[in-house]
Structure formats: structure tokens, C-alpha cells
Amino acid sequence: MKLALVFPGQGSQSVGMMNRYDTFPVVRDTFAEASTALGEDLWALVDKGPDELLNQTVNTQPAMLAADIAVYRAWRAAGGGAPAVLAGHSLGEYAALVAAGALAFTAAVPLVRFRAQSMQDAVPAGVGAMAAVMGLDDAGIADACREAAQGQAVEPVNFNAPDQIVIAGHREAVERAAAAAKARGAKRAVMLPVSAPFHSLLMKPAAEQLAAYLANVAVDPPTVPVLHNVNASIAPTPDAIRAALAAQAASPVRWVETIRVLAAQGVTHIIECGPGKVLTGLTKRIVPNVVALPLHDGEAIAAAIAATA
């Protein structure tokens, strides 16, 4: 058996999501640590909401980082196995680096708040958009984006599964690309309720701000290999990790490639380490022969430990 842990990002949050782990004291302890680092009560945010506040990007990102690390610590405290390799989807990459010992948790929490604010500020509200396209291959979606651009920006930004790709860019171009994708045979093309065109070239100002911030963040060599979103490979040095994190803000999330690399490396079990099951579902579609298990509550943690014992 070879174990990989993967960490979800923005989109897996919900009010009350951590109440499913009430038998693990380390969960509340982790949120207390994160709240001190940020100077805000993150536990109250995830416990009471409201949804509108939790779903604001600047709040979602630190809350999800805390949630991912809380679940990771609960997994390990309950006897869950040490991973051979780690990865995270978008924001989840920061949790993977914390779990690998490359980033200090107390430094990562304000770092992702800065990341969120930079990404939010990069494009004025209403100018950008994202859409999920289902049932059309990579080439078809790329063609639809090229046809729809018309001098604006639109591109594939999240390669989530073989038949699920998210596009992002200027709102009008995204709407045109969604229509063009459907004309090419896509089963669905759905506009997403997000506040910015994340991971698109329009995020370049955020990537530049993030690079400047990261220059002053301590990064250590990981104790466990981490695959990065930008190229589905391992960054060999702390400076390369900084560069990968900065580039990620304005680069596509190559999740299909990442999961396939894990499988090619002999990973037999991929555990989703966070409050949700989104990555588990994607894993099953990308590599059906690999065992994919979520840790979305205390019972799931126990089941995953039994399955990987």
C-alpha cells in the first residue's frame, strides 16, 4: 500500500462543517491556533456563519486552510498513516505544504488571507467570471475559448476531471465560451457563483503581489514530497516552492495530471483530507483503480484508518 493525502480548497466550505469532528480535541485547538495567527475568531465563522460571510474569499481561504489542517491532525491523532506524497487543489496546496513541514501553520494562515485579498483585488467585481463545462474534452474547450475571446481573456483554468473543466476570464468572454462549448457538444456549461476569475491570466497582478509577500515567508524543504498544481511535479528547493505558489494564482490547476502522477508513482490509496468529498469524487473519475476515501466526518476517519491499516 502507498498512501497519498490530498487537500481540498475553496468550495468545500459550509457553516457547521467542523461539528462532524467533535470527538477530536485537536480540531478546536487547530482553529484556536489559526485564530490567534489571524487575529480573528475563525471557529465562530465556521460554526455560526452566516454563509455569506464564510463564502467571502478573504474568509473562505483561511477558514479552509484551518479546516484542512485540523482534519489532517485528527487523522494522525486517531492513528491514520503517514503519507508518502501530498497534494492540494488550489488553496489546498498550502495545507499540503503545512502538512509536509515546508510552511509553518501560523505563517500560512495570514499568507492565505493575503493571497485571497490579492486575488479579490486583481479584477474589479463583476468584470470576471468562471464557468464549469461538463462533457467536452480539453481540445474542444480550448477551441471554444479561442473562438469566444474576441480580444478579451478566457481560458481553461481548472482541469478537475476528464469531463469537467472550469474556464475563467472576462465575464462576457466566459459567457460566449460557455455557449461555444455547448455548441461543440458539451453536456452542460454552468456559470459559477464566484467573485473573481481565479487562476486565469487576469490574476497576474495577484501572482506578482504574492511573489513579493512570499519572499519574506520562511519555507523549509518538505519532509514529504508535494506535487504542485502548476506542473504536477515536485519543487526541488524552497525558492522553487515560492515560485510555484506565486505562479499558481494565475495558472491552471492541473488536477487530472496531478492525480495521474500519483497513480503512476504507485499510490494505491488517495485520502481527501478535509471537510468534504469533492476530491474523492474526482479521483474516482480520474483513476478508477485507485482507492479514494474522504475524511468528511469522524466516522469516515475511522473507516479510512481501517481501510488503510
# chains A, B, ... in the order shown; residues from 1 in each chain; ligands from 1
>>> residues_around(residues="His170 (chain A)", least_positions_apart="5", cutoff="6 Å", atoms="only C-alpha atoms", output="list in words")
Val127, Gly128 and Ala153 of chain A
>>> residues_around(residues="region 173-180 of chain A", least_positions_apart="2", cutoff="9 Å", atoms="only C-alpha atoms", output="PyMOL selection string")
chain A and resi 128-133+141+143-155+167-171+182-186+188-191
>>> residues_around(residues="Arg254 (chain A)", least_positions_apart="4", cutoff="7 Å", atoms="only C-alpha atoms", output="list in words")
Asn158, Phe159, Asn229, Val230, Asn231, Ala232 and Thr258 of chain A
>>> select_by_dssp(residues="region 10-178 of chain A", states="strand (DSSP E or B)", output="ChimeraX atom specification")
/A:85-88,128-134,154-161,164-170
>>> residues_around(residues="His228 (chain A)", least_positions_apart="6", cutoff="12 Å", atoms="only C-alpha atoms", output="PDB file with N, CA and C atoms, in the first residue's frame")
ATOM      1  N   VAL A   6      -4.604  14.260  -0.074  1.00  0.00           N
ATOM      2  CA  VAL A   6      -4.880  15.438  -0.891  1.00  0.00           C
ATOM      3  C   VAL A   6      -5.825  16.362  -0.118  1.00  0.00           C
ATOM      4  N   PHE A   7      -5.640  17.655  -0.309  1.00  0.00           N
ATOM      5  CA  PHE A   7      -6.359  18.652   0.484  1.00  0.00           C
ATOM      6  C   PHE A   7      -7.254  19.508  -0.406  1.00  0.00           C
ATOM      7  N   VAL A  85       3.206  10.883  -0.129  1.00  0.00           N
ATOM      8  CA  VAL A  85       3.219  12.050  -1.005  1.00  0.00           C
ATOM      9  C   VAL A  85       1.950  12.861  -0.733  1.00  0.00           C
ATOM     10  N   LEU A  86       2.013  14.173  -1.013  1.00  0.00           N
ATOM     11  CA  LEU A  86       0.910  15.088  -0.718  1.00  0.00           C
ATOM     12  C   LEU A  86       0.606  15.954  -1.930  1.00  0.00           C
ATOM     13  N   ALA A  87      -0.637  16.431  -1.991  1.00  0.00           N
ATOM     14  CA  ALA A  87      -1.034  17.418  -3.000  1.00  0.00           C
ATOM     15  C   ALA A  87      -2.262  18.144  -2.479  1.00  0.00           C
ATOM     16  N   GLY A  88      -2.547  19.297  -3.064  1.00  0.00           N
ATOM     17  CA  GLY A  88      -3.744  20.041  -2.679  1.00  0.00           C
ATOM     18  C   GLY A  88      -4.301  20.780  -3.866  1.00  0.00           C
ATOM     19  N   HIS A  89      -5.618  20.911  -3.909  1.00  0.00           N
ATOM     20  CA  HIS A  89      -6.292  21.575  -5.024  1.00  0.00           C
ATOM     21  C   HIS A  89      -6.355  23.065  -4.757  1.00  0.00           C
ATOM     22  N   SER A  90      -5.623  23.857  -5.552  1.00  0.00           N
ATOM     23  CA  SER A  90      -5.608  25.307  -5.423  1.00  0.00           C
ATOM     24  C   SER A  90      -5.178  25.705  -4.001  1.00  0.00           C
ATOM     25  N   LEU A  91      -6.061  26.324  -3.230  1.00  0.00           N
ATOM     26  CA  LEU A  91      -5.740  26.679  -1.842  1.00  0.00           C
ATOM     27  C   LEU A  91      -5.226  25.473  -1.058  1.00  0.00           C
ATOM     28  N   GLY A  92      -5.730  24.282  -1.354  1.00  0.00           N
ATOM     29  CA  GLY A  92      -5.321  23.080  -0.636  1.00  0.00           C
ATOM     30  C   GLY A  92      -3.840  22.792  -0.725  1.00  0.00           C
ATOM     31  N   GLU A  93      -3.164  23.361  -1.736  1.00  0.00           N
ATOM     32  CA  GLU A  93      -1.718  23.170  -1.852  1.00  0.00           C
ATOM     33  C   GLU A  93      -0.994  23.760  -0.644  1.00  0.00           C
ATOM     34  N   TYR A  94      -1.532  24.835  -0.091  1.00  0.00           N
ATOM     35  CA  TYR A  94      -0.928  25.442   1.098  1.00  0.00           C
ATOM     36  C   TYR A  94      -1.045  24.495   2.286  1.00  0.00           C
ATOM     37  N   ALA A  95      -2.185  23.821   2.428  1.00  0.00           N
ATOM     38  CA  ALA A  95      -2.356  22.843   3.501  1.00  0.00           C
ATOM     39  C   ALA A  95      -1.373  21.682   3.322  1.00  0.00           C
ATOM     40  N   ALA A  96      -1.181  21.242   2.068  1.00  0.00           N
ATOM     41  CA  ALA A  96      -0.229  20.165   1.802  1.00  0.00           C
ATOM     42  C   ALA A  96       1.175  20.564   2.238  1.00  0.00           C
ATOM     43  N   LEU A  97       1.551  21.810   1.993  1.00  0.00           N
ATOM     44  CA  LEU A  97       2.884  22.276   2.371  1.00  0.00           C
ATOM     45  C   LEU A  97       3.027  22.417   3.891  1.00  0.00           C
ATOM     46  N   ILE A 234       7.253  18.019  -8.326  1.00  0.00           N
ATOM     47  CA  ILE A 234       7.802  18.448  -7.041  1.00  0.00           C
ATOM     48  C   ILE A 234       8.745  19.625  -7.258  1.00  0.00           C
ATOM     49  N   ALA A 235       8.605  20.658  -6.445  1.00  0.00           N
ATOM     50  CA  ALA A 235       9.534  21.787  -6.489  1.00  0.00           C
ATOM     51  C   ALA A 235      10.773  21.414  -5.671  1.00  0.00           C
ATOM     52  N   PRO A 236      11.973  21.487  -6.252  1.00  0.00           N
ATOM     53  CA  PRO A 236      13.161  20.927  -5.598  1.00  0.00           C
ATOM     54  C   PRO A 236      13.769  21.766  -4.481  1.00  0.00           C
ATOM     55  N   ALA A 240      11.942  27.398  -5.259  1.00  0.00           N
ATOM     56  CA  ALA A 240      11.060  26.830  -6.288  1.00  0.00           C
ATOM     57  C   ALA A 240       9.632  26.669  -5.757  1.00  0.00           C
ATOM     58  N   ILE A 241       9.503  26.366  -4.467  1.00  0.00           N
ATOM     59  CA  ILE A 241       8.174  26.286  -3.848  1.00  0.00           C
ATOM     60  C   ILE A 241       7.512  27.665  -3.869  1.00  0.00           C
ATOM     61  N   ARG A 242       8.273  28.692  -3.492  1.00  0.00           N
ATOM     62  CA  ARG A 242       7.727  30.060  -3.529  1.00  0.00           C
ATOM     63  C   ARG A 242       7.262  30.407  -4.938  1.00  0.00           C
ATOM     64  N   ALA A 243       8.087  30.082  -5.924  1.00  0.00           N
ATOM     65  CA  ALA A 243       7.746  30.401  -7.309  1.00  0.00           C
ATOM     66  C   ALA A 243       6.488  29.654  -7.755  1.00  0.00           C
ATOM     67  N   ALA A 244       6.370  28.388  -7.349  1.00  0.00           N
ATOM     68  CA  ALA A 244       5.190  27.594  -7.730  1.00  0.00           C
ATOM     69  C   ALA A 244       3.925  28.154  -7.102  1.00  0.00           C
ATOM     70  N   LEU A 245       4.013  28.598  -5.851  1.00  0.00           N
ATOM     71  CA  LEU A 245       2.846  29.154  -5.172  1.00  0.00           C
ATOM     72  C   LEU A 245       2.420  30.474  -5.807  1.00  0.00           C
ATOM     73  N   ALA A 246       3.397  31.317  -6.157  1.00  0.00           N
ATOM     74  CA  ALA A 246       3.056  32.594  -6.783  1.00  0.00           C
ATOM     75  C   ALA A 246       2.444  32.362  -8.165  1.00  0.00           C
ATOM     76  N   ALA A 247       3.057  31.495  -8.942  1.00  0.00           N
ATOM     77  CA  ALA A 247       2.558  31.224 -10.297  1.00  0.00           C
ATOM     78  C   ALA A 247       1.171  30.613 -10.271  1.00  0.00           C
ATOM     79  N   GLN A 248       0.895  29.808  -9.236  1.00  0.00           N
ATOM     80  CA  GLN A 248      -0.391  29.102  -9.153  1.00  0.00           C
ATOM     81  C   GLN A 248      -1.578  30.056  -9.211  1.00  0.00           C
ATOM     82  N   ALA A 249      -1.448  31.248  -8.665  1.00  0.00           N
ATOM     83  CA  ALA A 249      -2.574  32.187  -8.606  1.00  0.00           C
ATOM     84  C   ALA A 249      -3.086  32.541 -10.001  1.00  0.00           C
ATOM     85  N   SER A 251      -2.302  30.609 -12.893  1.00  0.00           N
ATOM     86  CA  SER A 251      -2.041  29.455 -13.756  1.00  0.00           C
ATOM     87  C   SER A 251      -3.113  28.393 -13.542  1.00  0.00           C
ATOM     88  N   PRO A 252      -3.354  27.550 -14.550  1.00  0.00           N
ATOM     89  CA  PRO A 252      -4.351  26.494 -14.397  1.00  0.00           C
ATOM     90  C   PRO A 252      -3.984  25.478 -13.315  1.00  0.00           C
ATOM     91  N   VAL A 253      -5.018  24.953 -12.657  1.00  0.00           N
ATOM     92  CA  VAL A 253      -4.865  23.866 -11.695  1.00  0.00           C
ATOM     93  C   VAL A 253      -4.912  22.547 -12.477  1.00  0.00           C
ATOM     94  N   ARG A 254      -3.780  21.871 -12.555  1.00  0.00           N
ATOM     95  CA  ARG A 254      -3.679  20.643 -13.357  1.00  0.00           C
ATOM     96  C   ARG A 254      -3.977  19.421 -12.470  1.00  0.00           C
ATOM     97  N   TRP A 255      -5.243  19.321 -12.057  1.00  0.00           N
ATOM     98  CA  TRP A 255      -5.608  18.292 -11.080  1.00  0.00           C
ATOM     99  C   TRP A 255      -5.644  16.896 -11.679  1.00  0.00           C
ATOM    100  N   GLU A 257      -3.867  15.772 -14.122  1.00  0.00           N
ATOM    101  CA  GLU A 257      -2.469  15.376 -14.275  1.00  0.00           C
ATOM    102  C   GLU A 257      -1.859  15.000 -12.922  1.00  0.00           C
ATOM    103  N   THR A 258      -2.165  15.779 -11.892  1.00  0.00           N
ATOM    104  CA  THR A 258      -1.630  15.519 -10.556  1.00  0.00           C
ATOM    105  C   THR A 258      -2.051  14.143 -10.051  1.00  0.00           C
ATOM    106  N   ILE A 259      -3.330  13.827 -10.166  1.00  0.00           N
ATOM    107  CA  ILE A 259      -3.826  12.538  -9.683  1.00  0.00           C
ATOM    108  C   ILE A 259      -3.236  11.391 -10.508  1.00  0.00           C
ATOM    109  N   VAL A 261      -0.303  11.403 -11.929  1.00  0.00           N
ATOM    110  CA  VAL A 261       1.091  11.259 -11.489  1.00  0.00           C
ATOM    111  C   VAL A 261       1.150  10.451 -10.196  1.00  0.00           C
ATOM    112  N   LEU A 262       0.245  10.723  -9.266  1.00  0.00           N
ATOM    113  CA  LEU A 262       0.205   9.942  -8.019  1.00  0.00           C
ATOM    114  C   LEU A 262       0.022   8.463  -8.329  1.00  0.00           C
TER     115      LEU A 262
END
>>> atom_distance(atom1="CA of Lys2 (chain A)", atom2="CA of Thr268 (chain A)")
5.2 Å
>>> atom_distance(atom1="CA of Gly266 (chain A)", atom2="CA of Leu3 (chain A)")
9.0 Å
>>> closest_residue(among="A:Ala32, A:Ala77, A:Ile305, A:Val15", to="Leu54 (chain A)", atoms="only C-alpha atoms")
A:Val15
>>> closest_residue(among="A:Tyr72, A:Phe31, A:Phe105, A:Tyr213", to="Pro275 (chain A)", atoms="only C-alpha atoms")
A:Tyr72
